[in-house]
Amino acid sequence: MALGFRILRRRHCIEPELVERFRKIPVANVSDSMSRMAAGGPRLRPMHAGGTMAGPALTVKLRPGDNLMLHKALDMAEPGDVIVADAGGDLTTAIMGDLMLNHAIRRGVGGIVING
């Protein structure tokens, strides 16, 4: 039985006050307090000039090399959301480029984390 693509709607949203409190905490401290079980790992690297990123996570599982579901996530994202995309760590193809980034900026996405 093939499962196919699924979009799960968000049932709960984090309070903006809690997001702001986390914005002030170093990410390593957050990871340590969660027993390092939910961290992205040492291969994730920032691709921005600086600043902080915090917001409700919109998680996406992608087939390596295929950005279809990331397009859908960009359309579903609400202002301030941080899209967290797992593309299996594949580095042979680009999952996102300038056009998608500009679309994310116009939609008010708070940030994007991509494993792949």
# chains A, B, ... in the order shown; residues from 1 in each chain; ligands from 1
>>> select_by_dssp(residues="chain A", states="strand (DSSP E)", output="MDAnalysis selection string")
chainID A and resid 57:61 82:86 111:115
>>> closest_residue(among="A:His48, A:Arg23, A:His103, A:His71", to="A:Ala85", atoms="only C-alpha atoms")
A:His71
>>> closest_residue(among="A:Asn67, A:Ser35, A:Val82, A:Gly88", to="A:Met100", atoms="only C-alpha atoms")
A:Asn67
>>> atom_distance(atom1="atom CA of A:Val84", atom2="atom CA of A:Leu70")
9.4 Å
>>> residues_around(residues="stretch 53-55 of chain A", least_positions_apart="3", cutoff="7 Å", atoms="only C-alpha atoms", output="PyMOL selection string")
chain A and resi 19+22-23+80-82+110-111
>>> write_last_selection(atoms="all heavy atoms", output="tab-separated table (two decimals), in the first residue's frame")
chain	number	residue	atom	x	y	z
A	19	VAL	N	7.86	32.10	21.64
A	19	VAL	CA	8.81	32.24	20.53
A	19	VAL	C	9.84	33.32	20.86
A	19	VAL	O	11.05	33.12	20.68
A	19	VAL	CB	8.08	32.58	19.20
A	19	VAL	CG1	9.09	32.96	18.12
A	19	VAL	CG2	7.21	31.42	18.76
A	22	PHE	N	12.41	32.11	23.36
A	22	PHE	CA	13.40	31.20	22.75
A	22	PHE	C	14.37	31.96	21.84
A	22	PHE	O	15.51	31.55	21.68
A	22	PHE	CB	12.70	30.09	21.97
A	22	PHE	CG	12.47	28.86	22.78
A	22	PHE	CD1	11.30	28.72	23.52
A	22	PHE	CD2	13.40	27.84	22.83
A	22	PHE	CE1	11.07	27.59	24.29
A	22	PHE	CE2	13.20	26.71	23.59
A	22	PHE	CZ	12.03	26.58	24.33
A	23	ARG	N	13.94	33.06	21.26
A	23	ARG	CA	14.80	33.83	20.35
A	23	ARG	C	16.08	34.30	21.07
A	23	ARG	O	17.12	34.47	20.46
A	23	ARG	CB	14.04	35.03	19.80
A	23	ARG	CG	14.76	35.78	18.71
A	23	ARG	CD	13.95	36.96	18.19
A	23	ARG	NE	12.64	36.60	17.71
A	23	ARG	CZ	12.36	36.09	16.51
A	23	ARG	NH1	13.34	35.86	15.67
A	23	ARG	NH2	11.14	35.81	16.16
A	80	GLY	N	5.96	34.36	9.96
A	80	GLY	CA	6.73	34.01	11.14
A	80	GLY	C	7.09	32.54	11.25
A	80	GLY	O	7.94	32.16	12.05
A	81	ASP	N	6.46	31.67	10.47
A	81	ASP	CA	6.77	30.25	10.51
A	81	ASP	C	8.21	29.99	10.08
A	81	ASP	O	8.73	30.67	9.18
A	81	ASP	CB	5.85	29.45	9.58
A	81	ASP	CG	4.48	29.20	10.15
A	81	ASP	OD1	4.24	29.52	11.32
A	81	ASP	OD2	3.62	28.69	9.39
A	82	VAL	N	8.82	29.00	10.69
A	82	VAL	CA	10.14	28.51	10.26
A	82	VAL	C	9.90	27.16	9.60
A	82	VAL	O	9.41	26.23	10.23
A	82	VAL	CB	11.11	28.38	11.44
A	82	VAL	CG1	12.41	27.73	11.00
A	82	VAL	CG2	11.38	29.74	12.07
A	110	GLY	N	9.55	33.11	8.57
A	110	GLY	CA	10.55	33.53	9.54
A	110	GLY	C	11.92	32.93	9.31
A	110	GLY	O	12.92	33.45	9.80
A	111	GLY	N	12.01	31.86	8.55
A	111	GLY	CA	13.28	31.23	8.26
A	111	GLY	C	13.07	29.86	7.65
A	111	GLY	O	11.95	29.34	7.65
>>> closest_residue(among="A:Gly51, A:Leu74, A:Leu44, A:Thr93", to="A:Lys24", atoms="only C-alpha atoms")
A:Gly51
>>> residues_around(residues="A:Met76", least_positions_apart="3", cutoff="12 Å", atoms="only C-alpha atoms", output="PyMOL selection string")
chain A and resi 7-10+57-60+69-73+79-83+103-104+107-109
>>> closest_residue(among="A:Gly41, A:Pro56, A:Glu78, A:Pro46", to="A:Ile14", atoms="only C-alpha atoms")
A:Pro56
>>> atom_distance(atom1="atom CA of A:Ser31", atom2="atom CA of A:Ala77")
24.3 Å
>>> closest_residue(among="A:Asp66, A:Asp32, A:Glu20, A:Glu15", to="A:Leu91", atoms="only C-alpha atoms")
A:Asp66
>>> atom_distance(atom1="atom CA of A:Asp86", atom2="atom CA of A:Arg43")
12.6 Å
>>> select_by_dssp(residues="stretch 24-76 of chain A", states="helix (DSSP H, G or I)", output="NGL selection string")
:A and (27-33 or 68-76)
>>> decode(residues="chain A", atoms="C-alpha atoms", output="compact mmCIF listing (two decimals), in the first residue's frame")
# COMPACT_ATOMS: atom_id res chain seq x y z
CA MET A 1 0.00 0.00 0.00
CA ALA A 2 1.54 3.30 -1.10
CA LEU A 3 1.14 6.20 1.30
CA GLY A 4 1.75 9.00 -1.21
CA PHE A 5 1.99 12.65 -0.24
CA ARG A 6 0.17 13.93 2.82
CA ILE A 7 -0.31 17.44 4.19
CA LEU A 8 -1.02 17.52 7.91
CA ARG A 9 -2.68 20.70 9.10
CA ARG A 10 -1.33 22.30 12.25
CA ARG A 11 -3.56 21.61 15.23
CA HIS A 12 -1.75 23.72 17.79
CA CYS A 13 0.24 26.91 17.45
CA ILE A 14 2.92 28.09 19.84
CA GLU A 15 2.32 31.35 21.68
CA PRO A 16 4.25 34.35 20.25
CA GLU A 17 5.56 35.17 23.73
CA LEU A 18 7.24 31.77 23.96
CA VAL A 19 8.81 32.24 20.53
CA GLU A 20 10.30 35.54 21.70
CA ARG A 21 11.70 33.91 24.84
CA PHE A 22 13.40 31.20 22.75
CA ARG A 23 14.80 33.83 20.35
CA LYS A 24 17.13 34.98 23.15
CA ILE A 25 18.53 31.51 23.98
CA PRO A 26 21.53 30.06 22.09
CA VAL A 27 20.45 27.10 19.98
CA ALA A 28 23.15 24.90 21.55
CA ASN A 29 21.57 25.46 24.97
CA VAL A 30 18.14 24.49 23.65
CA SER A 31 19.60 21.34 22.08
CA ASP A 32 21.42 20.42 25.29
CA SER A 33 18.27 20.82 27.38
CA MET A 34 16.47 18.43 25.00
CA SER A 35 19.19 15.78 25.49
CA ARG A 36 20.42 16.59 21.97
CA MET A 37 17.67 14.33 20.59
CA ALA A 38 16.04 16.84 18.26
CA ALA A 39 19.10 18.69 16.96
CA GLY A 40 19.80 18.87 13.26
CA GLY A 41 23.34 17.58 13.63
CA PRO A 42 26.79 18.95 12.87
CA ARG A 43 26.29 19.06 9.08
CA LEU A 44 23.74 21.90 9.25
CA ARG A 45 25.39 25.25 8.58
CA PRO A 46 23.98 28.80 8.52
CA MET A 47 23.72 30.32 5.07
CA HIS A 48 22.75 33.81 6.24
CA ALA A 49 24.79 36.83 7.31
CA GLY A 50 23.68 36.70 10.93
CA GLY A 51 20.80 37.33 13.25
CA THR A 52 18.42 34.98 14.96
CA MET A 53 15.66 32.71 13.78
CA ALA A 54 12.77 31.51 15.91
CA GLY A 55 9.17 30.70 15.17
CA PRO A 56 6.58 27.96 14.96
CA ALA A 57 7.99 25.06 12.94
CA LEU A 58 6.31 23.89 9.76
CA THR A 59 7.99 20.54 9.13
CA VAL A 60 8.31 18.96 5.71
CA LYS A 61 9.68 15.57 4.62
CA LEU A 62 11.03 15.65 1.07
CA ARG A 63 12.23 12.95 -1.23
CA PRO A 64 15.94 13.71 -1.84
CA GLY A 65 16.27 15.94 -4.89
CA ASP A 66 12.53 16.71 -5.11
CA ASN A 67 11.26 20.08 -3.86
CA LEU A 68 7.54 19.66 -4.66
CA MET A 69 6.51 19.50 -1.00
CA LEU A 70 8.70 22.50 -0.15
CA HIS A 71 6.74 24.52 -2.73
CA LYS A 72 3.54 23.44 -0.96
CA ALA A 73 5.00 24.29 2.46
CA LEU A 74 5.88 27.78 1.25
CA ASP A 75 2.28 28.26 0.17
CA MET A 76 0.95 26.91 3.49
CA ALA A 77 3.33 28.86 5.73
CA GLU A 78 1.98 31.62 7.89
CA PRO A 79 3.97 34.79 8.66
CA GLY A 80 6.73 34.01 11.14
CA ASP A 81 6.77 30.25 10.51
CA VAL A 82 10.14 28.51 10.26
CA ILE A 83 10.04 25.83 7.59
CA VAL A 84 12.12 22.81 8.60
CA ALA A 85 12.66 20.56 5.58
CA ASP A 86 14.26 17.13 5.70
CA ALA A 87 15.53 16.24 2.24
CA GLY A 88 17.55 13.30 3.50
CA GLY A 89 20.82 15.24 3.63
CA ASP A 90 21.32 14.87 -0.13
CA LEU A 91 23.75 17.53 -1.40
CA THR A 92 23.75 16.58 -5.09
CA THR A 93 20.84 18.85 -6.05
CA ALA A 94 19.51 22.20 -4.90
CA ILE A 95 16.21 21.99 -3.02
CA MET A 96 15.68 25.75 -2.99
CA GLY A 97 16.89 28.74 -4.97
CA ASP A 98 16.41 32.50 -5.34
CA LEU A 99 12.87 32.36 -6.74
CA MET A 100 11.62 30.24 -3.85
CA LEU A 101 13.50 32.40 -1.36
CA ASN A 102 11.85 35.54 -2.71
CA HIS A 103 8.46 33.84 -2.48
CA ALA A 104 9.21 32.94 1.16
CA ILE A 105 10.20 36.52 1.94
CA ARG A 106 6.99 37.87 0.37
CA ARG A 107 4.96 35.40 2.46
CA GLY A 108 6.72 36.51 5.66
CA VAL A 109 8.38 33.18 6.42
CA GLY A 110 10.55 33.53 9.54
CA GLY A 111 13.28 31.23 8.26
CA ILE A 112 14.09 27.98 6.51
CA VAL A 113 16.18 25.03 7.69
CA ILE A 114 17.01 22.40 5.07
CA ASN A 115 18.75 19.09 5.62
CA GLY A 116 19.85 18.53 2.04
